[in-house]
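Peer 1: mmCIF, C-alpha atoms, file coords_3.cif:
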data_work
loop_
_atom_site.label_atom_id
_atom_site.label_comp_id
_atom_site.auth_asym_id
_atom_site.auth_seq_id
_atom_site.Cartn_x
_atom_site.Cartn_y
_atom_site.Cartn_z
CA MET T 1 -5.59 5.49 -0.62
CA PRO T 2 -5.14 1.93 -1.88
CA THR T 3 -7.35 -0.66 -3.33
CA GLY T 4 -4.56 -3.08 -2.30
CA LEU T 5 -6.04 -4.51 0.89
CA PHE T 6 -9.70 -4.29 -0.06
CA PRO T 7 -9.97 -7.48 -2.17
CA MET T 8 -8.39 -9.43 0.70
CA LEU T 9 -10.61 -7.70 3.29
CA ALA T 10 -13.76 -8.49 1.31
CA ARG T 11 -12.82 -12.17 1.28
CA PHE T 12 -11.71 -12.08 4.92
CA ASN T 13 -15.12 -10.63 5.77
CA ALA T 14 -16.94 -13.51 4.07
CA TRP T 15 -14.68 -16.02 5.85
CA ALA T 16 -15.09 -14.42 9.30
CA ASN T 17 -18.86 -14.18 8.85
CA GLY T 18 -18.94 -17.88 7.93
CA ARG T 19 -17.15 -18.74 11.19
CA ILE T 20 -19.50 -16.57 13.27
CA TYR T 21 -22.64 -17.92 11.61
CA ASP T 22 -21.39 -21.51 12.09
CA CYS T 23 -21.25 -20.80 15.84
CA CYS T 24 -24.69 -19.18 15.82
CA ALA T 25 -26.11 -22.30 14.18
CA GLU T 26 -25.04 -24.30 17.25
CA LEU T 27 -27.00 -22.07 19.64
CA PRO T 28 -30.57 -22.77 20.72
CA ASP T 29 -32.82 -20.15 19.11
CA ALA T 30 -33.67 -18.56 22.50
CA GLU T 31 -29.96 -18.04 23.26
CA TYR T 32 -29.44 -16.56 19.83
CA ARG T 33 -32.28 -14.06 20.42
CA LEU T 34 -31.58 -13.36 24.11
CA ASP T 35 -31.12 -9.65 24.88
CA ARG T 36 -27.54 -9.59 26.21
CA LYS T 37 -27.46 -5.79 26.45
CA ALA T 38 -24.89 -5.18 23.73
CA PHE T 39 -25.50 -1.99 21.74
CA PHE T 40 -28.11 -3.74 19.58
CA GLY T 41 -29.11 -6.15 22.34
CA SER T 42 -28.92 -9.70 21.01
CA ILE T 43 -26.69 -11.64 18.64
CA HIS T 44 -29.65 -11.76 16.22
CA ALA T 45 -30.18 -7.99 16.24
CA THR T 46 -26.44 -7.26 15.93
CA LEU T 47 -26.08 -9.55 12.90
CA ASN T 48 -29.11 -7.88 11.30
CA HIS T 49 -27.55 -4.46 11.95
CA LEU T 50 -24.35 -5.52 10.16
CA LEU T 51 -26.33 -6.63 7.10
CA VAL T 52 -28.33 -3.38 7.18
CA VAL T 53 -25.25 -1.18 7.13
CA ASP T 54 -23.40 -3.20 4.49
CA LYS T 55 -26.42 -3.00 2.19
CA VAL T 56 -26.76 0.74 2.75
CA TRP T 57 -23.09 1.46 1.97
CA ARG T 58 -22.96 -0.82 -1.06
CA ALA T 59 -26.07 0.86 -2.48
CA ARG T 60 -24.45 4.27 -1.97
CA ILE T 61 -21.27 3.17 -3.75
CA GLU T 62 -23.24 1.73 -6.65
CA ASP T 63 -25.86 4.45 -6.82
CA GLY T 64 -28.54 1.89 -6.03
CA THR T 65 -31.44 1.85 -3.61
CA THR T 66 -32.43 -0.26 -0.61
CA ASN T 67 -35.63 -0.83 1.35
CA ILE T 68 -33.84 0.02 4.59
CA ARG T 69 -35.43 2.52 6.96
CA GLY T 70 -33.49 2.18 10.20
CA LEU T 71 -30.16 1.00 11.62
CA ASP T 72 -31.90 -1.41 13.97
CA GLN T 73 -34.13 -2.89 11.29
CA ILE T 74 -34.61 -6.67 11.38
CA LEU T 75 -34.21 -7.69 7.76
CA HIS T 76 -34.62 -11.42 8.39
CA ASP T 77 -36.23 -12.83 11.50
CA ASP T 78 -34.93 -16.32 10.85
CA LEU T 79 -31.25 -17.31 11.17
CA LEU T 80 -31.24 -19.46 8.05
CA ALA T 81 -32.75 -16.69 5.93
CA LEU T 82 -30.40 -14.12 7.48
CA ARG T 83 -27.41 -16.32 6.72
CA ALA T 84 -28.49 -16.82 3.11
CA ALA T 85 -28.80 -13.03 2.71
CA ARG T 86 -25.42 -12.56 4.41
CA VAL T 87 -23.73 -14.94 1.97
CA THR T 88 -25.36 -13.15 -0.98
CA GLU T 89 -24.27 -9.76 0.37
CA ASP T 90 -20.69 -10.91 0.98
CA GLU T 91 -20.45 -12.25 -2.58
CA ALA T 92 -21.84 -8.96 -3.93
CA LEU T 93 -19.33 -7.00 -1.86
CA ILE T 94 -16.46 -9.04 -3.28
CA ARG T 95 -17.71 -8.30 -6.82
CA THR T 96 -18.02 -4.59 -6.00
CA VAL T 97 -14.49 -4.37 -4.62
CA ASP T 98 -13.01 -6.44 -7.45
CA GLY T 99 -14.70 -4.13 -9.94
CA LEU T 100 -13.00 -0.99 -8.66
CA GLY T 101 -10.34 0.51 -10.90
CA SER T 102 -7.23 2.23 -9.62
CA THR T 103 -8.86 5.67 -9.68
CA ASP T 104 -12.27 4.63 -8.30
CA GLY T 105 -11.11 4.86 -4.69
CA ALA T 106 -10.93 8.64 -4.91
CA ARG T 107 -14.43 8.97 -6.39
CA VAL T 108 -16.67 10.89 -4.00
CA VAL T 109 -19.93 9.17 -3.09
CA LYS T 110 -22.81 11.56 -2.36
CA TYR T 111 -25.57 10.26 -0.12
CA ARG T 112 -27.88 11.01 2.78
CA PHE T 113 -27.51 9.65 6.29
CA MET T 114 -30.53 7.92 7.84
CA ASN T 115 -31.56 11.24 9.45
CA GLY T 116 -31.45 13.01 6.08
CA THR T 117 -28.16 14.88 6.56
CA PRO T 118 -26.20 14.96 3.30
CA GLY T 119 -22.82 13.23 3.27
CA GLU T 120 -19.88 13.06 0.85
CA THR T 121 -17.23 10.37 1.25
CA PRO T 122 -14.58 8.93 -1.12
CA VAL T 123 -15.07 5.24 -2.00
CA ASP T 124 -11.83 4.25 -0.23
CA ILE T 125 -13.00 5.81 3.03
CA VAL T 126 -16.40 4.13 2.69
CA LEU T 127 -14.66 0.76 2.34
CA ILE T 128 -12.30 1.37 5.27
CA THR T 129 -15.30 2.35 7.39
CA LEU T 130 -17.36 -0.62 6.21
CA PHE T 131 -14.74 -3.28 6.94
CA ASN T 132 -13.80 -1.72 10.30
CA HIS T 133 -17.49 -1.54 11.24
CA GLN T 134 -17.95 -5.24 10.49
CA THR T 135 -15.03 -6.20 12.71
CA HIS T 136 -16.32 -3.96 15.52
CA HIS T 137 -19.73 -5.65 15.62
CA ARG T 138 -18.33 -9.13 15.02
CA GLY T 139 -16.25 -8.43 18.15
CA GLN T 140 -19.47 -7.71 20.05
CA VAL T 141 -21.04 -10.91 18.69
CA HIS T 142 -17.88 -12.84 19.61
CA ALA T 143 -18.20 -11.63 23.23
CA MET T 144 -21.89 -12.64 23.29
CA LEU T 145 -21.07 -16.08 21.84
CA THR T 146 -18.48 -16.83 24.54
CA GLN T 147 -21.04 -15.61 27.10
CA ALA T 148 -23.48 -18.12 25.62
CA GLY T 149 -20.89 -20.87 26.05
CA ILE T 150 -19.54 -21.13 22.50
CA THR T 151 -16.02 -20.01 21.65
CA PRO T 152 -15.62 -19.16 17.97
CA PRO T 153 -12.37 -20.01 16.22
CA PRO T 154 -9.95 -17.09 15.70
CA LEU T 155 -11.14 -14.23 13.49
CA ASP T 156 -7.61 -12.90 12.97
CA ILE T 157 -6.61 -11.79 9.48
CA ILE T 158 -3.34 -13.72 9.89
CA ALA T 159 -5.41 -16.87 10.48
CA PHE T 160 -7.31 -16.28 7.21
CA PRO T 161 -5.82 -18.48 4.46
CA GLY T 162 -6.44 -15.80 1.83
CA ALA T 163 -4.11 -13.35 3.58
CA GLN T 164 -1.12 -15.59 2.93
CA ARG T 165 -0.93 -14.79 -0.75
CA MET A 166 -0.38 0.20 -1.30
CA ASN A 167 -0.71 3.71 -0.03
CA PRO A 168 0.85 4.49 3.38
CA GLU A 169 -2.01 6.95 3.99
CA TYR A 170 -4.32 4.00 4.70
CA PHE A 171 -2.29 2.96 7.74
CA ARG A 172 -1.72 6.53 8.93
CA THR A 173 -5.48 6.91 9.04
CA PHE A 174 -5.72 3.75 11.13
CA ALA A 175 -2.93 4.79 13.50
CA PHE A 176 -4.72 8.07 14.24
CA TYR A 177 -8.09 6.32 14.47
CA ASN A 178 -6.64 3.74 16.89
CA ARG A 179 -5.50 6.46 19.26
CA TRP A 180 -8.85 8.29 19.00
CA ALA A 181 -10.88 5.11 19.59
CA ASN A 182 -8.70 4.04 22.54
CA THR A 183 -9.12 7.45 24.16
CA ARG A 184 -12.90 7.20 23.88
CA LEU A 185 -12.92 3.60 25.09
CA TYR A 186 -10.67 4.28 28.09
CA ASP A 187 -12.76 7.36 28.98
CA ALA A 188 -15.84 5.13 29.12
CA CYS A 189 -13.98 2.45 31.13
CA ALA A 190 -12.82 5.12 33.58
CA SER A 191 -16.47 5.82 34.42
CA LEU A 192 -16.84 2.25 35.76
CA SER A 193 -15.83 1.06 39.22
CA ASP A 194 -12.67 -0.99 39.47
CA ALA A 195 -14.78 -4.02 40.40
CA ASP A 196 -16.89 -3.57 37.26
CA ARG A 197 -13.76 -3.40 35.09
CA ARG A 198 -12.40 -6.60 36.66
CA GLN A 199 -15.64 -8.57 36.66
CA ASP A 200 -15.41 -11.74 34.59
CA ARG A 201 -18.05 -11.16 31.91
CA LYS A 202 -17.12 -14.29 29.94
CA ALA A 203 -15.68 -12.56 26.90
CA PHE A 204 -12.73 -14.40 25.33
CA PHE A 205 -10.34 -12.78 27.85
CA GLY A 206 -12.99 -12.57 30.57
CA SER A 207 -13.10 -9.01 31.87
CA ILE A 208 -12.77 -5.54 30.42
CA HIS A 209 -9.48 -5.18 32.30
CA ASN A 210 -8.01 -8.38 30.88
CA THR A 211 -9.19 -7.63 27.34
CA LEU A 212 -7.55 -4.18 27.46
CA ASN A 213 -4.37 -5.83 28.73
CA HIS A 214 -4.52 -8.35 25.88
CA LEU A 215 -4.76 -5.54 23.32
CA LEU A 216 -1.63 -3.94 24.75
CA VAL A 217 0.07 -7.36 24.77
CA GLY A 218 -0.78 -7.96 21.11
CA ASP A 219 0.34 -4.51 20.06
CA ARG A 220 3.65 -4.77 21.96
CA ILE A 221 4.40 -8.21 20.51
CA TRP A 222 3.78 -6.93 16.97
CA MET A 223 5.67 -3.69 17.50
CA GLY A 224 8.59 -5.80 18.72
CA ARG A 225 8.45 -7.82 15.49
CA PHE A 226 8.13 -4.67 13.34
CA THR A 227 11.12 -2.99 14.98
CA GLY A 228 13.28 -6.09 15.54
CA THR A 229 13.19 -5.80 19.33
CA ASP A 230 11.88 -8.63 21.52
CA SER A 231 8.86 -7.49 23.52
CA GLY A 232 9.69 -10.12 26.15
CA ILE A 233 6.01 -11.14 26.24
CA ARG A 234 5.33 -14.87 25.96
CA LYS A 235 1.65 -15.17 26.83
CA LEU A 236 -1.34 -13.63 25.04
CA ASN A 237 -3.29 -13.42 28.31
CA ALA A 238 -0.48 -11.70 30.22
CA VAL A 239 -1.68 -8.91 32.51
CA LEU A 240 0.94 -6.24 31.98
CA PHE A 241 -0.61 -3.69 34.32
CA ASP A 242 -2.84 -4.57 37.22
CA GLU A 243 -3.84 -0.97 37.82
CA PHE A 244 -6.10 0.87 35.35
CA ALA A 245 -4.30 4.25 35.49
CA ALA A 246 -0.94 2.59 34.79
CA LEU A 247 -2.49 0.55 31.96
CA ARG A 248 -3.90 3.70 30.43
CA ARG A 249 -0.56 5.52 30.56
CA ALA A 250 1.15 2.55 28.88
CA ARG A 251 -1.63 2.48 26.25
CA GLU A 252 -1.01 6.15 25.41
CA VAL A 253 2.73 5.58 25.11
CA GLU A 254 2.12 2.58 22.85
CA ASP A 255 -0.30 4.50 20.63
CA ASP A 256 2.33 7.24 20.17
CA ARG A 257 4.87 4.57 19.29
CA ILE A 258 2.50 2.99 16.76
CA GLN A 259 1.84 6.34 15.12
CA ALA A 260 5.56 7.14 14.86
CA TYR A 261 6.27 3.71 13.37
CA VAL A 262 3.51 3.96 10.75
CA GLU A 263 4.69 7.47 9.80
CA GLY A 264 7.94 5.82 8.68
CA CYS A 265 6.28 3.19 6.48
CA ASP A 266 6.57 3.97 2.77
CA ASP A 267 5.34 1.88 -0.16
CA ALA A 268 8.53 -0.18 -0.38
CA LYS A 269 8.52 -1.02 3.31
CA LEU A 270 4.82 -1.98 3.22
CA ALA A 271 5.41 -4.34 0.28
CA ALA A 272 8.41 -6.03 1.92
CA THR A 273 8.01 -9.41 3.64
CA LEU A 274 8.04 -9.60 7.41
CA ASP A 275 9.44 -12.83 8.89
CA PHE A 276 8.24 -13.54 12.40
CA LYS A 277 7.55 -16.32 14.88
CA SER A 278 4.19 -16.71 16.55
CA VAL A 279 4.04 -16.91 20.34
CA ASP A 280 4.25 -20.73 20.14
CA GLY A 281 7.36 -20.49 17.95
CA THR A 282 5.84 -21.23 14.52
CA PRO A 283 7.71 -19.29 11.82
CA SER A 284 5.66 -17.22 9.39
CA SER A 285 6.18 -14.73 6.55
CA MET A 286 3.76 -12.11 5.22
CA PRO A 287 3.93 -8.76 3.48
CA LEU A 288 4.06 -5.99 6.10
CA ALA A 289 0.88 -4.45 4.66
CA GLN A 290 -1.11 -7.62 5.37
CA VAL A 291 0.29 -7.82 8.89
CA LEU A 292 -0.56 -4.17 9.59
CA GLY A 293 -4.02 -4.84 8.21
CA HIS A 294 -4.30 -7.63 10.78
CA PHE A 295 -2.79 -5.47 13.54
CA PHE A 296 -5.40 -2.70 13.24
CA ASN A 297 -8.25 -5.16 12.63
CA HIS A 298 -7.28 -7.02 15.81
CA GLN A 299 -7.62 -3.83 17.83
CA THR A 300 -11.08 -3.14 16.44
CA HIS A 301 -12.17 -6.73 17.14
CA HIS A 302 -11.27 -6.57 20.84
CA ARG A 303 -12.51 -3.00 21.25
CA GLY A 304 -15.82 -4.42 19.98
CA GLN A 305 -15.75 -7.00 22.78
CA VAL A 306 -15.00 -4.29 25.35
CA HIS A 307 -17.78 -2.16 23.86
CA ALA A 308 -20.30 -4.99 24.42
CA MET A 309 -19.09 -5.41 28.01
CA LEU A 310 -19.37 -1.66 28.63
CA SER A 311 -23.01 -1.70 27.51
CA GLN A 312 -23.62 -4.75 29.69
CA ALA A 313 -22.06 -2.97 32.68
CA GLY A 314 -24.47 -0.07 32.18
CA ALA A 315 -21.85 2.42 30.97
CA ALA A 316 -22.42 4.73 28.01
CA ALA A 317 -20.50 2.91 25.28
CA PRO A 318 -19.11 5.49 22.81
CA SER A 319 -19.43 5.40 19.04
CA LEU A 320 -16.14 4.11 17.62
CA ASP A 321 -17.16 4.56 14.01
CA LEU A 322 -14.26 5.40 11.72
CA LEU A 323 -16.35 7.77 9.65
CA ALA A 324 -17.39 9.64 12.81
CA TYR A 325 -13.70 10.03 13.61
CA LEU A 326 -12.88 11.36 10.13
CA ARG A 327 -15.77 13.84 10.27
CA GLU A 328 -14.72 15.04 13.71
CA LYS A 329 -11.12 15.45 12.56
CA ARG A 330 -12.01 17.73 9.64
#
Could I get this structure in the form of structure tokens?
Peer 2:
Amino acid sequence: MPTGLFPMLARFNAWANGRIYDCCAELPDAEYRLDRKAFFGSIHATLNHLLVVDKVWRARIEDGTTNIRGLDQILHDDLLALRAARVTEDEALIRTVDGLGSTDGARVVKYRFMNGTPGETPVDIVLITLFNHQTHHRGQVHAMLTQAGITPPPLDIIAFPGAQR
Amino acid sequence: MNPEYFRTFAFYNRWANTRLYDACASLSDADRRQDRKAFFGSIHNTLNHLLVGDRIWMGRFTGTDSGIRKLNAVLFDEFAALRRAREVEDDRIQAYVEGCDDAKLAATLDFKSVDGTPSSMPLAQVLGHFFNHQTHHRGQVHAMLSQAGAAAPSLDLLAYLREKR
């Protein structure tokens, strides 16, 4: 398993989140919070879920702790505060990925799922899962944004300037 | 860059598509075709777009023109035919990725976008985009499935890896 794509993916993630949050900032608050019946309901709840899961995984990789109790937890009820936390998390994720040595990807992370079941996953697999999970839920948010009348710019990796290196 | 990364994604792609198409099959044809205002409108059109994108890229990877000129082309108007073509394409993707070694992944791919703009990127970056693009649009379909009242399946990569073991 590589660490090759992960530095790019961490930066792509920050870039894609910036584009999505820019669109959310254009929405009236009621539209942003409207239950559109996606898996986590609204754009607001889906963005909170993404932050929840990223924090949980990063804490597991770094042997840290979080105050998170549930996958549907609302960490920040306000878009501005949520965005500030998102930016902080994306910067932390970039530092985490950049700090991995060539053998760290194979290191097995031991943790407990939310329901208490023990899990063991190599760092590389955690990162693959994490970045894929972000794209999955950003796809849901993208669908809800177009439904709310706002079309985000492309979130393609080939449209991300940092992928051209 | 380890080829194992992309093999994992090629298997995951097939697994996720199977689950997604199973869920779509539980909907009525009218529900699949309903314009739900995602970027490509309906579930049916979004699934067609994913096949379009994959065929265009596979054509570039293998040096054979896919013949497709529009990203919103509807390749198959009938769901069963679309599903069969999807399965064939997923086999083709898996076989292609099986043949990608480190040297091939590091080599530069020259290609032209649908509007004719020439571009060059390492194959690994392009494959990273290719699999990310699938997850993005599956996320949109997932949101539309929930909105249509269908049971939207978990498409989590870690769930796939745990099931596979």
Peer 1: Kindly provide, as a ChimeraX atom specification, the residues of chain T having any atom no farther than 8 Å from an atom of chain A, counting all atoms listed in the file.
Peer 2: /T:1-5,36-39,125-126,128-129,132-133,135-144,146-147,151,156-158,163-164
Peer 1: What is the distance, in Å and to one decimal place, between CA of Leu130 in chain T and CA of Asp63 in chain T?
Peer 2: 16.4 Å
Peer 1: Show which residues sit within 8 Å of Phe40 in chain T, as a PDB file with C-alpha atoms, in the coordinates of the input. Count only C-alpha atoms, and ignore same-chain residues fewer than 6 positions away.
Peer 2:
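What follows is the written file around-v2.pdb:
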ATOM      1  CA  THR T  46     -26.440  -7.260  15.930  1.00  0.00           C
ATOM      2  CA  HIS T  49     -27.550  -4.460  11.950  1.00  0.00           C
ATOM      3  CA  ASP T  72     -31.900  -1.410  13.970  1.00  0.00           C
TER       4      ASP T  72
END
Peer 1: When the PyMOL selection byres ((chain T and resi 78-81) around 9) is applied to the file above, which residues end up in the set, as a count of residues only?
Peer 2: 13
Peer 1: Mind telling me what the PyMOL selection byres ((chain T and resi 96) around 10) catches here, as a list in words?
Peer 2: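 With the shown file as input, the PyMOL selection byres ((chain T and resi 96) around 10) matches Pro7, Ala10, Arg58, Ile61, Glu62, Asp90, Glu91, Ala92, Leu93, Ile94, Arg95, Val97, Asp98, Gly99 and Leu100 of chain T.
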Peer 1: Have a look at CA of Arg249 in chain A and CA of Ser278 in chain A and let me know their distance in Å, one decimal.
Peer 2: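 That distance, rounded to one decimal, is 26.7 Å.
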Peer 1: Quick one, how far is CA of Ala272 in chain A from CA of Leu288 in chain A?
Peer 2: 6.0 Å
Peer 1: With 7 Å as the threshold, what does the neighbourhood of (-19.6, 8.3, 1.0) contain in terms of residues, counting all atoms listed in the file? Coordinates are those of the file; answer as an MDAnalysis selection string.
Peer 2: chainID T and resid 60 108:111 119:123 126
Peer 1: Give me the result of the PyMOL selection byres ((chain A and resi 277) around 12) on this file, residue by residue, as a ChimeraX atom specification.
Peer 2: /A:221-222,224-226,228,230,234,274-276,278-286
Peer 1: Might I get the box with edges along x, y and z of the file that holds all atoms of range 64-80 of chain T listed there, padded by 8 Å on every side, given as centre and edge lengths in Å to one decimal, as AutoDock Vina command-line options?
Peer 2:
--center_x -32.4 --center_y -8.5 --center_z 4.0 --size_x 23.7 --size_y 38.0 --size_z 36.0
Peer 1: Using only C-alpha atoms for the distances, tell me which of A:Gln259, A:Asp194, A:Leu212, A:Phe176 is nearest to Leu247 in chain A.
Peer 2: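 Of A:Gln259, A:Asp194, A:Leu212, A:Phe176, the one nearest Leu247 in chain A, counting only C-alpha atoms, is A:Leu212.
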Peer 1: Could you check which of A:Arg184, A:Ala315, A:Tyr177, A:Glu252 is closest to Asp196 in chain A, using all atoms listed in the file?
Peer 2: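 With all atoms listed in the file as the atom set, the closest residue is A:Ala315.
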Peer 1: Could you tell me which of A:Thr183, A:Thr227, A:Thr211, A:Thr273 comes closest to Ile258 in chain A if we count only C-alpha atoms?
Peer 2: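 Among the listed residues, A:Thr227 lies closest to Ile258 in chain A.
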Peer 1: Output range 294-311 of chain A as a PDB file, keeping the file's coordinate frame, making sure N, CA and C atoms are there.
Peer 2:
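File written: selection16.pdb
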ATOM      1  N   HIS A 294      -3.911  -6.780   9.659  1.00  0.00           N
ATOM      2  CA  HIS A 294      -4.300  -7.630  10.780  1.00  0.00           C
ATOM      3  C   HIS A 294      -4.211  -6.878  12.114  1.00  0.00           C
ATOM      4  N   PHE A 295      -3.096  -6.186  12.292  1.00  0.00           N
ATOM      5  CA  PHE A 295      -2.790  -5.470  13.540  1.00  0.00           C
ATOM      6  C   PHE A 295      -3.934  -4.498  13.906  1.00  0.00           C
ATOM      7  N   PHE A 296      -4.353  -3.685  12.947  1.00  0.00           N
ATOM      8  CA  PHE A 296      -5.400  -2.700  13.240  1.00  0.00           C
ATOM      9  C   PHE A 296      -6.787  -3.361  13.319  1.00  0.00           C
ATOM     10  N   ASN A 297      -6.984  -4.428  12.552  1.00  0.00           N
ATOM     11  CA  ASN A 297      -8.250  -5.160  12.630  1.00  0.00           C
ATOM     12  C   ASN A 297      -8.406  -5.841  13.996  1.00  0.00           C
ATOM     13  N   HIS A 298      -7.293  -6.355  14.500  1.00  0.00           N
ATOM     14  CA  HIS A 298      -7.280  -7.020  15.810  1.00  0.00           C
ATOM     15  C   HIS A 298      -7.703  -6.057  16.914  1.00  0.00           C
ATOM     16  N   GLN A 299      -7.227  -4.835  16.836  1.00  0.00           N
ATOM     17  CA  GLN A 299      -7.620  -3.830  17.830  1.00  0.00           C
ATOM     18  C   GLN A 299      -9.121  -3.590  17.785  1.00  0.00           C
ATOM     19  N   THR A 300      -9.651  -3.410  16.582  1.00  0.00           N
ATOM     20  CA  THR A 300     -11.080  -3.140  16.440  1.00  0.00           C
ATOM     21  C   THR A 300     -11.920  -4.308  16.958  1.00  0.00           C
ATOM     22  N   HIS A 301     -11.459  -5.528  16.682  1.00  0.00           N
ATOM     23  CA  HIS A 301     -12.170  -6.730  17.140  1.00  0.00           C
ATOM     24  C   HIS A 301     -12.317  -6.717  18.675  1.00  0.00           C
ATOM     25  N   HIS A 302     -11.202  -6.518  19.365  1.00  0.00           N
ATOM     26  CA  HIS A 302     -11.270  -6.570  20.840  1.00  0.00           C
ATOM     27  C   HIS A 302     -11.904  -5.319  21.432  1.00  0.00           C
ATOM     28  N   ARG A 303     -11.746  -4.169  20.768  1.00  0.00           N
ATOM     29  CA  ARG A 303     -12.510  -3.000  21.250  1.00  0.00           C
ATOM     30  C   ARG A 303     -14.009  -3.285  21.137  1.00  0.00           C
ATOM     31  N   GLY A 304     -14.407  -4.032  20.111  1.00  0.00           N
ATOM     32  CA  GLY A 304     -15.820  -4.420  19.980  1.00  0.00           C
ATOM     33  C   GLY A 304     -16.274  -5.264  21.157  1.00  0.00           C
ATOM     34  N   GLN A 305     -15.414  -6.192  21.602  1.00  0.00           N
ATOM     35  CA  GLN A 305     -15.750  -7.000  22.780  1.00  0.00           C
ATOM     36  C   GLN A 305     -15.890  -6.115  24.016  1.00  0.00           C
ATOM     37  N   VAL A 306     -14.940  -5.185  24.190  1.00  0.00           N
ATOM     38  CA  VAL A 306     -15.000  -4.290  25.350  1.00  0.00           C
ATOM     39  C   VAL A 306     -16.253  -3.421  25.272  1.00  0.00           C
ATOM     40  N   HIS A 307     -16.586  -2.983  24.065  1.00  0.00           N
ATOM     41  CA  HIS A 307     -17.780  -2.160  23.860  1.00  0.00           C
ATOM     42  C   HIS A 307     -19.031  -2.912  24.334  1.00  0.00           C
ATOM     43  N   ALA A 308     -19.146  -4.189  23.975  1.00  0.00           N
ATOM     44  CA  ALA A 308     -20.300  -4.990  24.420  1.00  0.00           C
ATOM     45  C   ALA A 308     -20.323  -5.088  25.944  1.00  0.00           C
ATOM     46  N   MET A 309     -19.145  -5.282  26.538  1.00  0.00           N
ATOM     47  CA  MET A 309     -19.090  -5.410  28.010  1.00  0.00           C
ATOM     48  C   MET A 309     -19.409  -4.087  28.694  1.00  0.00           C
ATOM     49  N   LEU A 310     -19.016  -2.979  28.077  1.00  0.00           N
ATOM     50  CA  LEU A 310     -19.370  -1.660  28.630  1.00  0.00           C
ATOM     51  C   LEU A 310     -20.878  -1.482  28.663  1.00  0.00           C
ATOM     52  N   SER A 311     -21.541  -1.806  27.551  1.00  0.00           N
ATOM     53  CA  SER A 311     -23.010  -1.700  27.510  1.00  0.00           C
ATOM     54  C   SER A 311     -23.618  -2.590  28.572  1.00  0.00           C
TER      55      SER A 311
END
